[in-house]
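What's in final_21.cif: mmCIF, C-alpha atoms
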```
data_my_file
#
loop_
_atom_site.label_atom_id
_atom_site.label_comp_id
_atom_site.auth_asym_id
_atom_site.auth_seq_id
_atom_site.Cartn_x
_atom_site.Cartn_y
_atom_site.Cartn_z
CA MET A 105 9.59 -14.42 -65.91
CA ASN A 106 11.38 -11.65 -64.02
CA LEU A 107 8.79 -9.18 -65.25
CA ALA A 108 5.96 -11.38 -63.93
CA VAL A 109 7.59 -11.61 -60.48
CA ALA A 110 8.14 -7.85 -60.39
CA ILE A 111 4.54 -7.12 -61.35
CA THR A 112 3.23 -9.60 -58.76
CA THR A 113 5.40 -7.99 -56.06
CA VAL A 114 4.18 -4.52 -56.96
CA VAL A 115 0.55 -5.68 -56.88
CA VAL A 116 0.99 -7.44 -53.50
CA VAL A 117 2.67 -4.39 -51.99
CA ALA A 118 -0.05 -2.10 -53.34
CA LEU A 119 -2.82 -4.32 -51.97
CA ALA A 120 -1.08 -4.57 -48.59
CA ALA A 121 -0.74 -0.78 -48.45
CA ILE A 122 -4.43 -0.36 -49.25
CA GLY A 123 -5.52 -3.08 -46.81
CA PHE A 124 -3.26 -2.48 -43.82
CA GLY A 125 -1.92 1.03 -44.41
CA PRO A 126 -4.67 3.03 -42.64
CA ALA A 127 -4.62 0.68 -39.61
CA LEU A 128 -0.83 0.94 -39.34
CA VAL A 129 -0.97 4.74 -39.56
CA ARG A 130 -3.69 4.86 -36.86
CA ARG A 131 -1.66 2.59 -34.58
CA ALA A 132 1.49 4.67 -35.06
CA ARG A 133 -0.46 7.86 -34.26
CA ARG A 134 -1.99 6.31 -31.14
CA ARG A 135 1.41 5.19 -29.92
CA LEU A 136 2.90 8.62 -30.53
CA HIS A 137 -0.03 10.31 -28.76
CA ALA A 138 0.20 7.94 -25.76
CA ARG A 139 3.90 8.63 -25.45
CA ARG A 140 3.25 12.39 -25.44
CA ALA A 141 0.39 12.05 -22.89
CA GLU A 142 2.43 10.04 -20.37
CA PRO A 143 3.56 12.20 -17.45
CA PRO A 144 7.29 12.24 -16.90
CA PRO A 145 8.43 9.67 -14.35
CA PRO A 146 8.78 11.18 -10.86
CA ARG A 147 12.29 12.32 -10.11
CA TYR A 148 13.77 10.48 -7.13
CA ASP A 149 14.60 12.89 -4.35
CA PRO A 150 16.37 11.12 -1.46
CA GLY A 151 15.83 14.06 0.90
CA ARG A 152 12.10 14.11 0.23
CA GLU A 153 11.87 10.33 0.66
CA ARG A 154 13.76 10.50 3.98
CA ARG A 155 11.44 13.23 5.28
CA ALA A 156 8.42 11.24 4.11
CA GLU A 157 9.67 8.12 5.90
CA ARG A 158 10.27 10.14 9.07
CA GLY A 159 6.71 11.49 8.94
CA ALA A 160 5.30 8.05 8.19
CA ARG A 161 7.15 6.58 11.17
CA GLU A 162 5.64 9.23 13.43
CA LEU A 163 2.19 8.26 12.23
CA MET A 164 3.00 4.59 12.74
CA ARG A 165 4.35 5.22 16.24
CA SER A 166 1.12 6.98 17.20
CA ILE A 167 -1.05 4.05 16.09
CA VAL A 168 0.63 0.67 16.61
CA SER A 169 1.87 -0.74 19.93
CA PRO A 170 5.31 0.28 21.22
CA GLU A 171 6.57 -3.27 20.62
CA GLU A 172 5.37 -3.29 17.01
CA TYR A 173 6.91 0.12 16.33
CA GLU A 174 10.29 -0.83 17.80
CA MET A 175 10.19 -4.11 15.89
CA TYR A 176 9.77 -2.25 12.61
CA VAL A 177 12.49 0.29 13.37
CA GLU A 178 15.02 -2.26 14.63
CA LEU A 179 14.29 -5.32 12.49
CA GLY A 180 12.84 -3.72 9.36
CA PHE A 181 9.59 -5.71 9.45
CA MET A 182 6.66 -6.27 11.76
CA SER A 183 4.97 -9.41 13.03
CA VAL A 184 1.23 -8.73 13.11
CA ASN A 185 -1.01 -10.90 15.26
CA VAL A 186 -4.63 -11.36 14.29
CA ALA A 187 -7.73 -12.67 16.06
CA ASP A 188 -6.81 -16.31 15.43
CA GLY A 189 -3.73 -16.52 17.60
CA ARG A 190 -2.41 -19.68 15.93
CA TYR A 191 -0.82 -17.80 13.06
CA ALA A 192 0.56 -14.32 12.45
CA TYR A 193 1.90 -12.33 9.51
CA LEU A 194 5.38 -11.05 8.75
CA VAL A 195 4.86 -7.64 7.18
CA TYR A 196 7.69 -6.17 5.12
CA PRO A 197 7.62 -2.81 3.34
CA HIS A 198 6.68 -3.17 -0.33
CA ARG A 199 6.88 -6.95 -0.24
CA PRO A 200 4.24 -9.66 0.16
CA ILE A 201 2.94 -10.48 3.61
CA LEU A 202 3.88 -13.89 4.89
CA ALA A 203 1.66 -16.02 7.15
CA TYR A 204 3.45 -18.28 9.61
CA ASP A 205 2.53 -20.69 12.37
CA VAL A 206 3.20 -18.98 15.69
CA GLU A 207 3.92 -22.27 17.48
CA THR A 208 6.23 -23.98 14.99
CA GLY A 209 7.43 -21.07 12.83
CA GLU A 210 6.34 -22.96 9.71
CA LEU A 211 5.77 -20.64 6.74
CA LEU A 212 2.18 -21.02 5.55
CA SER A 213 1.39 -18.72 2.62
CA GLU A 214 2.61 -15.64 0.84
CA TYR A 215 0.07 -12.93 0.01
CA CYS A 216 1.05 -10.43 -2.66
CA VAL A 217 -0.67 -7.13 -2.02
CA VAL A 218 0.15 -3.52 -2.89
CA PHE A 219 -1.28 -0.08 -2.05
CA PRO A 220 -0.60 2.01 -5.14
CA ASP A 221 -1.63 5.67 -4.89
CA ARG A 222 -2.48 6.81 -8.43
CA THR A 223 -3.99 10.16 -7.53
CA GLU A 224 -0.84 12.23 -8.14
CA PRO A 225 1.37 10.68 -10.81
CA ALA A 226 4.02 13.37 -10.33
CA LEU A 227 4.77 11.96 -6.86
CA GLY A 228 4.74 8.32 -7.95
CA GLU A 229 2.54 5.53 -6.62
CA ARG A 230 4.75 4.25 -3.84
CA LEU A 231 3.97 5.10 -0.23
CA PRO A 232 6.88 5.56 2.18
CA ASP A 233 7.99 2.22 3.68
CA ALA A 234 6.45 2.85 7.10
CA ASP A 235 3.14 3.89 5.51
CA ASP A 236 3.08 0.71 3.43
CA VAL A 237 3.61 -1.39 6.57
CA LEU A 238 1.01 0.64 8.47
CA ALA A 239 -1.53 0.25 5.63
CA LYS A 240 -1.03 -3.52 5.83
CA TRP A 241 -1.28 -3.43 9.62
CA MET A 242 -4.56 -1.45 9.52
CA SER A 243 -6.00 -3.69 6.83
CA LEU A 244 -5.10 -6.86 8.73
CA ARG A 245 -6.42 -5.53 12.02
CA GLY A 246 -9.45 -3.87 10.46
CA SER A 247 -10.53 -6.56 8.03
CA GLU A 248 -8.10 -9.42 7.57
CA ARG A 249 -10.50 -11.34 5.32
CA GLU A 250 -10.97 -8.45 2.91
CA LEU A 251 -7.23 -7.98 2.53
CA ILE A 252 -6.58 -11.68 2.01
CA ALA A 253 -9.41 -11.85 -0.53
CA VAL A 254 -7.79 -9.08 -2.58
CA ALA A 255 -4.25 -10.45 -2.34
CA ASN A 256 -2.76 -13.01 -4.69
CA MET A 257 -1.93 -16.07 -2.61
CA HIS A 258 1.10 -18.20 -3.30
CA MET A 259 3.11 -20.89 -1.60
CA PRO A 260 5.98 -19.46 0.48
CA GLY A 261 9.04 -18.70 -1.62
CA ARG A 262 7.42 -16.90 -4.56
CA GLN A 263 8.96 -13.50 -3.74
CA ILE A 264 10.38 -13.81 -0.24
CA ASP A 265 13.21 -16.26 0.17
CA PRO A 266 12.04 -18.81 2.78
CA ALA A 267 15.57 -19.01 4.23
CA GLN A 268 15.51 -15.24 4.76
CA ALA A 269 12.05 -15.45 6.37
CA ARG A 270 13.25 -18.19 8.74
CA ARG A 271 16.27 -16.07 9.65
CA ASP A 272 13.90 -13.14 10.30
CA LEU A 273 11.74 -15.32 12.56
CA ALA A 274 14.86 -16.35 14.48
CA ARG A 275 15.89 -12.68 14.78
CA LEU A 276 12.38 -11.88 16.00
CA ARG A 277 12.52 -14.59 18.68
CA GLU A 278 15.89 -13.33 19.87
CA TRP A 279 14.72 -9.72 19.77
CA ARG A 280 11.66 -10.58 21.87
CA ARG A 281 13.82 -12.55 24.32
CA VAL A 282 16.09 -9.61 25.11
CA ARG A 283 13.56 -6.80 24.68
CA PRO A 284 11.97 -6.85 28.17
CA HIS A 285 15.40 -6.19 29.66
CA ARG A 286 16.00 -3.04 27.68
CA ALA A 287 14.91 0.47 28.45
CA PRO A 288 11.87 1.50 26.39
CA ALA A 289 12.68 3.59 23.30
CA MET B 69 -10.82 15.04 15.07
CA ARG B 70 -8.12 15.06 12.39
CA LEU B 71 -8.39 13.54 8.94
CA VAL B 72 -4.95 12.53 7.69
CA ARG B 73 -3.83 10.79 4.55
CA MET B 74 -0.81 8.73 3.62
CA LYS B 75 0.82 10.09 0.50
CA PRO B 76 3.82 9.14 -1.64
CA GLY B 77 6.69 11.53 -1.06
CA HIS B 78 5.02 13.12 1.96
CA GLY B 79 4.29 10.72 4.79
CA ASP B 80 1.02 11.77 6.35
CA VAL B 81 -0.79 14.92 5.27
CA LEU B 82 -3.39 16.71 7.38
CA LEU B 83 -6.57 17.10 5.32
CA ALA B 84 -9.02 18.59 7.80
CA GLU B 85 -9.39 19.14 11.49
CA GLY B 86 -12.36 20.03 13.65
CA ASP B 87 -14.84 19.14 16.34
CA PRO B 88 -17.59 16.90 14.94
CA ASP B 89 -19.97 18.28 17.58
CA VAL B 90 -19.70 21.73 16.00
CA ALA B 91 -21.97 21.88 12.96
CA VAL B 92 -19.67 23.86 10.69
CA ASP B 93 -16.68 21.64 11.54
CA GLU B 94 -18.71 18.49 11.01
CA GLU B 95 -19.79 19.70 7.60
CA ARG B 96 -16.17 20.26 6.60
CA LEU B 97 -15.07 16.88 7.97
CA VAL B 98 -17.89 15.06 6.19
CA ALA B 99 -17.12 16.83 2.90
CA GLU B 100 -13.43 15.92 3.08
CA PHE B 101 -14.26 12.36 4.15
CA ARG B 102 -16.50 11.92 1.10
CA ARG B 103 -13.95 13.53 -1.20
CA GLN B 104 -11.28 11.04 -0.15
CA LEU B 105 -13.63 8.10 -0.66
CA GLU B 106 -14.50 9.44 -4.10
CA LEU B 107 -10.77 9.50 -4.87
CA GLY B 108 -10.80 5.79 -4.05
CA MET B 109 -9.13 5.96 -0.65
CA GLN B 110 -9.91 3.62 2.26
CA ALA B 111 -10.52 5.04 5.71
CA ALA B 112 -9.44 3.53 9.03
CA VAL B 113 -9.97 4.68 12.58
CA PRO B 114 -7.28 3.70 15.08
CA VAL B 115 -8.96 2.41 18.24
CA GLY B 116 -7.95 0.62 21.43
CA ASN B 117 -5.33 1.37 24.03
CA GLY B 118 -1.58 1.59 23.64
CA LEU B 119 -0.80 -2.06 24.36
CA ARG B 120 -3.47 -3.59 22.15
CA PRO B 121 -4.26 -1.03 19.45
CA GLU B 122 -6.69 -1.95 16.70
CA ALA B 123 -8.04 -0.35 13.54
CA ARG B 124 -11.58 -0.18 12.26
CA LEU B 125 -12.21 0.30 8.55
CA VAL B 126 -15.10 2.70 7.92
CA ARG B 127 -17.04 3.48 4.75
CA ASP B 128 -19.20 6.33 5.93
CA PHE B 129 -18.60 9.24 8.26
CA SER B 130 -21.49 8.05 10.45
CA GLU B 131 -19.39 4.95 11.29
CA VAL B 132 -16.59 7.07 12.77
CA PRO B 133 -16.84 7.19 16.57
CA ARG B 134 -17.61 10.76 17.68
CA ASP B 135 -14.64 10.73 20.03
CA ALA B 136 -12.14 9.39 17.47
CA GLU B 137 -8.96 11.44 17.37
CA ARG B 138 -8.04 10.54 13.81
CA VAL B 139 -9.24 9.00 10.61
CA VAL B 140 -6.43 7.75 8.38
CA PHE B 141 -6.91 7.51 4.61
CA PHE B 142 -4.77 5.24 2.48
CA PRO B 143 -4.94 3.76 -1.03
CA PRO B 144 -7.01 0.63 -1.57
CA ALA B 145 -5.26 -2.72 -1.58
CA ALA B 146 -4.71 -4.54 -4.86
CA GLY B 147 -3.25 -7.92 -5.66
CA GLY B 148 0.46 -7.61 -6.33
#
```
Do you think you could lay out the structure here as structure tokens?
Amino acid sequence: MNLAVAITTVVVVALAAIGFGPALVRRARRRLHARRAEPPPPRYDPGRERRAERGARELMRSIVSPEEYEMYVELGFMSVNVADGRYAYLVYPHRPILAYDVETGELLSEYCVVFPDRTEPALGERLPDADDVLAKWMSLRGSERELIAVANMHMPGRQIDPAQARRDLARLREWRRVRPHRAPA
Amino acid sequence: MRLVRMKPGHGDVLLAEGDPDVAVDEERLVAEFRRQLELGMQAAVPVGNGLRPEARLVRDFSEVPRDAERVVFFPPAAGG
């Protein structure tokens, strides 16, 4: 009995090795090759990132309105108006854009969109924060429909906490209320 | 006219500069413009005045206004 089980096991193992062995070896080789071909992840350099953000802010300052630039620097996000004045977008760096009703402040939709730069893997794919916001600004102002068509649309709350967004809208209202009384930056 | 590009780890990078009314400059600007589009970049021209600035997305150098100061290249948008 024991001999029969042992022989059956040997036969099954031999057949499995013949049937699946070459495929398993190929898969293992592919995996090993892919691991070798992957470029090393970019090393984070805080100094380089700070300089990049400074440069990106200069570019942003030279393109958007003074109010939009100050809003980004002081609040960390930008409210971007579009042709249809009934709604606007809250634009955060490296986060979805959030449509809201200008009149009521109601959050309308969240649009997940990214601008990955894959041309130089050694530098990573992530634009500096100000560049990411500016890319969204240019896309919304240049062709809102195209950007929205590419984005993945969700109900508010998928990635951005609605309570945080409402607090940001309140901060924005307060910021706009006091801004005219301040000296320009 | 200056062609600049957003880049990870850099901020903006100057790619080419020249007067599009000068033939040799225009040739260089057109070549760089095409190269960026071939890399998959989008191109936008900032337009409008300081209080109501706008951006125009362009897909060919002929769409860039002759008096544009800058063309900004940035990666294409993708659903996140």
**Request:** Provide as a ChimeraX atom specification the residues of chain B at most 10 Å from chain A, counting all atoms listed in the file.
**Result:** /B:72-81,107-126,138,140-148
**Request:** Check which residues satisfy the PyMOL selection byres ((chain A and resi 175) around 12) in the file shown, then give them as an NGL selection string.
**Result:** :A and (164-165 or 168-174 or 176-184 or 194-196 or 234 or 237 or 272-273 or 275-280 or 283 or 289)
Pull C-alpha atoms from the residues just selected and write them as a tab-separated table (two decimals), in the frame of the given file.
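Wrote it out as part.tsv, contents follow:
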```tsv
chain	number	residue	atom	x	y	z
A	164	MET	CA	3.00	4.59	12.74
A	165	ARG	CA	4.35	5.22	16.24
A	168	VAL	CA	0.63	0.67	16.61
A	169	SER	CA	1.87	-0.74	19.93
A	170	PRO	CA	5.31	0.28	21.22
A	171	GLU	CA	6.57	-3.27	20.62
A	172	GLU	CA	5.37	-3.29	17.01
A	173	TYR	CA	6.91	0.12	16.33
A	174	GLU	CA	10.29	-0.83	17.80
A	176	TYR	CA	9.77	-2.25	12.61
A	177	VAL	CA	12.49	0.29	13.37
A	178	GLU	CA	15.02	-2.26	14.63
A	179	LEU	CA	14.29	-5.32	12.49
A	180	GLY	CA	12.84	-3.72	9.36
A	181	PHE	CA	9.59	-5.71	9.45
A	182	MET	CA	6.66	-6.27	11.76
A	183	SER	CA	4.97	-9.41	13.03
A	184	VAL	CA	1.23	-8.73	13.11
A	194	LEU	CA	5.38	-11.05	8.75
A	195	VAL	CA	4.86	-7.64	7.18
A	196	TYR	CA	7.69	-6.17	5.12
A	234	ALA	CA	6.45	2.85	7.10
A	237	VAL	CA	3.61	-1.39	6.57
A	272	ASP	CA	13.90	-13.14	10.30
A	273	LEU	CA	11.74	-15.32	12.56
A	275	ARG	CA	15.89	-12.68	14.78
A	276	LEU	CA	12.38	-11.88	16.00
A	277	ARG	CA	12.52	-14.59	18.68
A	278	GLU	CA	15.89	-13.33	19.87
A	279	TRP	CA	14.72	-9.72	19.77
A	280	ARG	CA	11.66	-10.58	21.87
A	283	ARG	CA	13.56	-6.80	24.68
A	289	ALA	CA	12.68	3.59	23.30
```
**Prompt:** How many Å lie between atom CA of Arg262 of chain A and atom CA of Ala187 of chain A, rounded to one decimal?
**Reply:** 25.9 Å
**Atom-to-atom span, atom CA of Glu137 of chain B and atom CA of Asp87 of chain B, Å** = 9.7 Å
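Counting from atom CA of Arg249 of chain A, the distance to atom CA of Arg127 of chain B is 16.2 Å.
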**Who sits within 8 Å of Glu85 of chain B, all atoms listed in the file, same chain under 3 positions skipped, as a PyMOL selection string** = chain B and resi 69-71+82+93+97
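Take the candidates B:Ala84, B:Ala99, B:Val90, B:Glu106 and check each one against Val139 of chain B using all atoms listed in the file; the shortest distance goes to B:Ala84.
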**Item:** Near-Val98 of chain B list (9 Å; only C-alpha atoms; drop same-chain fewer than 5 positions) as a PyMOL selection string
**Value:** chain B and resi 88+93+103+128-130
**Asked** Looking at A:Val109, A:Val206, A:Pro126, A:Met259, which one is nearest to Asp188 of chain A, with distances taken over only C-alpha atoms?
**Response** A:Val206
